[in-house]
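Asker: This is the structure I want to talk about, given as structure tokens.
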Amino acid sequence: MRSRRPVPTSGTGMSQTAPQSYDVVIAGGGIVGAACALACAQKGFRVALVERELFGSGATAAGMGHIVVMDDSEAQFALTRRSQQLWQTLCPTLPSTAEYETPGTIWVAADDEELAEAERKQFWFAEREVPSRLVSGLELTALDPNLRPDLAGGLLVTEDAVVYPPTVALYLARQAQSLGATLLVGHSIMNLCDGEATLDDGTRLRAPKLVNALGADAASCTPGLPVKKRKGHLAITDRYPGFVRHQLVELGYLKSAHSVTADSVAFNVQPRRTGQILIGSSRQYGNEDSAVDQAMLASILQRATLYLPALASLNVLRVWTGFRAATPDKLPLIGPFPGDSTLWLATGHEGLGITTSLATAELLAAHFTGTQPAIPPEPYLPARFAPAPTPVTILQEKL
Ligand SMILES: Cc1cc2nc3c(=O)[nH]c(=O)nc-3n(C[C@H](O)[C@H](O)[C@H](O)COP(=O)(O)OP(=O)(O)OC[C@H]3O[C@@H](n4cnc5c(N)ncnc54)[C@H](O)[C@@H]3O)c2cc1C
């Protein structure tokens, strides 16, 4: 991993601009950067949060907003579960526009093999005190009557929630501002290293702690970061209140979300407070074109109607794409960047960054204050991807 990006050397007038000083400068005003800004401001740090477009306009606006506890690994579980608990604490303070609801997730099993997976998952959650229960095929259709009747059953995880992420990002940024944070919107960060952030208008922000929270664009300011863009599509329907009652996800989703190379589509549908239905989702590597891919969209809708046949008669209003920030081991990068003692990372959250934003911010603030975090920080440290030192071979000279 390298830490530098070439600084423009002429025509910027940067050298004439007096730098502004902060304790922490955070690059990127998505939900992760905004949550970090609030957590740092709550600890008394003087914070600047810089966003080139609008708060919550990147992957945060494109995401589904499913606050979901996951069991892919102990580290993923710890981060998602801790974050879910932080969401539960935050929830009463959120504005109604955050649309926070707790419909729960039903992991839908299409056959006996997937039902066995639901049972394994239920046992795993029970051991870790996550409320969940198995449901039969019959009960499944009672819980969500538009599901096709021949499904094997599923697992209901009751504390999983949904939220409208962009309004939460804005809310968190504004809360940080109310504690003294400076919000800089409409500015691109051109350079972020050695205790200084340089903006596109030449403004220089100095801080002993810089945070790269640029999501899928993280490598643009920190070249060599192991963060790749993973494209996703979502569609939203007109209002059909009650058509879907829980976040419905096929258990086959685990197989497709786990593939780190192939394109994949899985049934993942969410009821919105407005009565609309959010339909996902796809995962693609190596496609950085944000245009909607009609073939991919058709696959998503086909997959969804396989589980919810009546969906075929509903109107889809809008379709969009977004980019997840994927790392090779499917865990985010949270902590100090090896090679620049001023640089910290809060990126690489792939398809779970809405869920894990709050625990990420909590971990980062614990790093900064030197306090014991609620969960072990080690699995997320960026140093895990630092190149191993090259072994030195000592050649004995022949005399
Ligand atoms: C289709 C899809 C569905 C998803 N569904 C879910 C879900 O259900 N649940 C879940 O938990 N997660 C979900 N995610 C993942 C989630 O959306 C992301 O992990 C999360 O939004 C990442 O937030 P972030 O703040 O790291 O990145 P972003 O929201 O992308 O924020 C980064 C910000 O940095 C800004 N920026 C970039 N470059 C610069 C620069 N040079 N200078 C200044 N600013 C810059 C961008 O404008 C952007 O606002 C989904 C993602 C997609 C694409």
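Chain lettering (A, B, ...) mirrors the order of the structure tokens, residue numbering begins at 1 for each chain separately, and ligand numbering begins at 1 in order of display.
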Could you please extract the residues within 6 Å of ligand 1, counting only C-alpha atoms and all ligand atoms, and hand them back as a PyMOL selection string?
Answerer: chain A and resi 27-33+50-53+55-60+62-67+187-190+213-217+232-234+322-324+347+349-355
Asker: Name the residues in contact with Leu115 in chain A at a cut-off of 9 Å, using only C-alpha atoms, excluding same-chain residues fewer than 2 positions from it; report them as an MDAnalysis selection string.
Answerer: chainID A and resid 108:113 117:120 134 152:155 251
Asker: Could you pull out the residues in range 53-283 of chain A that DSSP calls strand (DSSP E or B) from the backbone, as a PyMOL selection string?
Answerer: chain A and resi 66-67+101+105-109+132-136+153-157+161-162+182-185+189-193+196-199+204-206+209-212+228-237+247-250+264-271+277-283
Asker: Write a file of the just-selected residues containing C-alpha atoms, as a PDB file, in the first residue's frame.
Answerer:
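Wrote out24.pdb, looks like this:
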ATOM      1  CA  HIS A  66     -30.979  -3.060   5.549  1.00  0.00           C
ATOM      2  CA  ILE A  67     -29.519  -3.109   9.082  1.00  0.00           C
ATOM      3  CA  GLU A 101     -38.397   0.445  11.067  1.00  0.00           C
ATOM      4  CA  THR A 105     -35.414 -10.347   8.055  1.00  0.00           C
ATOM      5  CA  ILE A 106     -36.753 -13.628   6.750  1.00  0.00           C
ATOM      6  CA  TRP A 107     -33.979 -15.730   5.241  1.00  0.00           C
ATOM      7  CA  VAL A 108     -36.056 -17.749   2.794  1.00  0.00           C
ATOM      8  CA  ALA A 109     -35.242 -21.431   2.229  1.00  0.00           C
ATOM      9  CA  SER A 132     -34.306 -15.597  15.672  1.00  0.00           C
ATOM     10  CA  ARG A 133     -36.665 -18.482  15.000  1.00  0.00           C
ATOM     11  CA  LEU A 134     -37.221 -21.082  12.308  1.00  0.00           C
ATOM     12  CA  VAL A 135     -40.480 -20.887  10.357  1.00  0.00           C
ATOM     13  CA  SER A 136     -42.164 -23.666   8.388  1.00  0.00           C
ATOM     14  CA  GLY A 153     -39.434 -22.436   5.232  1.00  0.00           C
ATOM     15  CA  GLY A 154     -36.971 -19.928   6.598  1.00  0.00           C
ATOM     16  CA  LEU A 155     -35.393 -18.103   9.485  1.00  0.00           C
ATOM     17  CA  LEU A 156     -36.919 -14.954  10.981  1.00  0.00           C
ATOM     18  CA  VAL A 157     -34.325 -12.624  12.556  1.00  0.00           C
ATOM     19  CA  ALA A 161     -34.137  -3.137  10.715  1.00  0.00           C
ATOM     20  CA  VAL A 162     -34.397  -0.888   7.659  1.00  0.00           C
ATOM     21  CA  THR A 182     -16.856  22.130  10.257  1.00  0.00           C
ATOM     22  CA  LEU A 183     -18.738  20.783   7.229  1.00  0.00           C
ATOM     23  CA  LEU A 184     -17.175  21.472   3.833  1.00  0.00           C
ATOM     24  CA  VAL A 185     -19.472  20.474   0.972  1.00  0.00           C
ATOM     25  CA  ILE A 189      -9.952  16.294  -1.732  1.00  0.00           C
ATOM     26  CA  MET A 190      -6.973  16.140  -4.084  1.00  0.00           C
ATOM     27  CA  ASN A 191      -4.372  14.966  -1.624  1.00  0.00           C
ATOM     28  CA  LEU A 192      -4.569  13.321   1.792  1.00  0.00           C
ATOM     29  CA  CYS A 193      -1.300  12.479   3.532  1.00  0.00           C
ATOM     30  CA  GLU A 196      -2.579  17.607   5.386  1.00  0.00           C
ATOM     31  CA  ALA A 197      -5.636  17.476   3.125  1.00  0.00           C
ATOM     32  CA  THR A 198      -5.565  19.627   0.004  1.00  0.00           C
ATOM     33  CA  LEU A 199      -8.868  20.617  -1.577  1.00  0.00           C
ATOM     34  CA  ARG A 204      -5.168  23.224   2.982  1.00  0.00           C
ATOM     35  CA  LEU A 205      -6.494  21.519   6.087  1.00  0.00           C
ATOM     36  CA  ARG A 206      -3.896  20.366   8.588  1.00  0.00           C
ATOM     37  CA  LYS A 209      -5.302  12.651  12.135  1.00  0.00           C
ATOM     38  CA  LEU A 210      -6.632  12.320   8.588  1.00  0.00           C
ATOM     39  CA  VAL A 211      -9.380   9.808   7.825  1.00  0.00           C
ATOM     40  CA  ASN A 212      -9.983   8.310   4.398  1.00  0.00           C
ATOM     41  CA  LYS A 228     -12.287  -2.470  -5.549  1.00  0.00           C
ATOM     42  CA  LYS A 229     -15.600  -1.204  -6.878  1.00  0.00           C
ATOM     43  CA  ARG A 230     -18.407  -3.744  -6.863  1.00  0.00           C
ATOM     44  CA  LYS A 231     -21.402  -2.534  -8.840  1.00  0.00           C
ATOM     45  CA  GLY A 232     -24.968  -3.122  -7.663  1.00  0.00           C
ATOM     46  CA  HIS A 233     -28.452  -2.450  -9.107  1.00  0.00           C
ATOM     47  CA  LEU A 234     -31.684  -1.726  -7.242  1.00  0.00           C
ATOM     48  CA  ALA A 235     -35.257  -1.069  -8.381  1.00  0.00           C
ATOM     49  CA  ILE A 236     -38.150   0.540  -6.509  1.00  0.00           C
ATOM     50  CA  THR A 237     -41.867   0.080  -7.188  1.00  0.00           C
ATOM     51  CA  GLN A 247     -37.026  -7.896   4.492  1.00  0.00           C
ATOM     52  CA  LEU A 248     -36.988 -11.078   2.405  1.00  0.00           C
ATOM     53  CA  VAL A 249     -33.647 -12.556   1.387  1.00  0.00           C
ATOM     54  CA  GLU A 250     -33.044 -15.907  -0.265  1.00  0.00           C
ATOM     55  CA  SER A 264     -24.345 -12.591  -9.270  1.00  0.00           C
ATOM     56  CA  VAL A 265     -28.007 -11.833  -8.651  1.00  0.00           C
ATOM     57  CA  ALA A 266     -30.037 -12.755  -5.586  1.00  0.00           C
ATOM     58  CA  PHE A 267     -33.585 -12.270  -4.316  1.00  0.00           C
ATOM     59  CA  ASN A 268     -33.499  -9.486  -1.720  1.00  0.00           C
ATOM     60  CA  VAL A 269     -36.666  -7.417  -1.260  1.00  0.00           C
ATOM     61  CA  GLN A 270     -37.496  -4.735   1.283  1.00  0.00           C
ATOM     62  CA  PRO A 271     -40.772  -3.085   2.387  1.00  0.00           C
ATOM     63  CA  ILE A 277     -40.921  -2.184  -2.470  1.00  0.00           C
ATOM     64  CA  LEU A 278     -37.183  -2.058  -2.949  1.00  0.00           C
ATOM     65  CA  ILE A 279     -35.978  -4.903  -5.158  1.00  0.00           C
ATOM     66  CA  GLY A 280     -32.383  -6.139  -5.290  1.00  0.00           C
ATOM     67  CA  SER A 281     -29.799  -7.035  -5.886  1.00  0.00           C
ATOM     68  CA  SER A 282     -26.778  -7.665  -8.068  1.00  0.00           C
ATOM     69  CA  ARG A 283     -23.009  -7.776  -7.621  1.00  0.00           C
TER      70      ARG A 283
END
Asker: Work out how far apart CA of Ala37 in chain A and CA of Ala18 in chain A are and give it in Å to one decimal.
Answerer: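 Computing the Euclidean distance for CA of Ala37 in chain A and CA of Ala18 in chain A yields 23.4 Å.
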Asker: Show which residues sit within 12 Å of Asp329 in chain A, as a list of chain:residue names. Count only C-alpha atoms, and ignore same-chain residues fewer than 3 positions away.
Answerer: A:Asp72, A:Ser73, A:Ala75, A:Gln76, A:Pro226, A:Val227, A:Lys228, A:His258, A:Ser259, A:Val260, A:Ala325, A:Ala326, A:Pro332, A:Leu333, A:Gly348, A:His349, A:Glu350, A:Pro379, A:Tyr380, A:Leu381, A:Pro382, A:Arg384, A:Phe385
Asker: Next, write the just-selected residues to a file, as a tab-separated table (two decimals), in the first residue's frame, keeping C-alpha atoms as the atom set.
Answerer:
chain	number	residue	atom	x	y	z
A	72	ASP	CA	-20.16	-14.94	7.61
A	73	SER	CA	-17.31	-14.78	10.15
A	75	ALA	CA	-15.44	-10.55	12.85
A	76	GLN	CA	-18.33	-9.73	10.52
A	226	PRO	CA	-6.97	-3.11	-1.69
A	227	VAL	CA	-10.44	-1.63	-2.32
A	228	LYS	CA	-12.29	-2.47	-5.55
A	258	HIS	CA	-19.70	-14.79	-1.10
A	259	SER	CA	-18.34	-15.13	-4.60
A	260	VAL	CA	-15.55	-12.59	-4.95
A	325	ALA	CA	-16.19	-0.78	-1.71
A	326	ALA	CA	-14.97	-4.36	-1.67
A	332	PRO	CA	-13.64	-3.25	6.12
A	333	LEU	CA	-10.43	-1.34	6.71
A	348	GLY	CA	-14.10	-1.10	2.40
A	349	HIS	CA	-17.53	-1.84	3.89
A	350	GLU	CA	-18.83	-3.60	0.72
A	379	PRO	CA	-9.75	-8.08	12.35
A	380	TYR	CA	-10.34	-4.70	10.65
A	381	LEU	CA	-6.83	-3.24	10.91
A	382	PRO	CA	-5.47	-2.16	7.50
A	384	ARG	CA	-3.40	-7.07	7.54
A	385	PHE	CA	-2.84	-6.15	3.88
Asker: Find the distance between CA of Ala48 in chain A and CA of Ala181 in chain A and write it in Å to one decimal.
Answerer: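 CA of Ala181 in chain A lies at a distance of 5.7 Å from CA of Ala48 in chain A.
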Asker: One number please: CA of Ala374 in chain A to CA of Ala78 in chain A, in Å, one decimal.
Answerer: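 CA of Ala78 in chain A lies 9.4 Å from CA of Ala374 in chain A.
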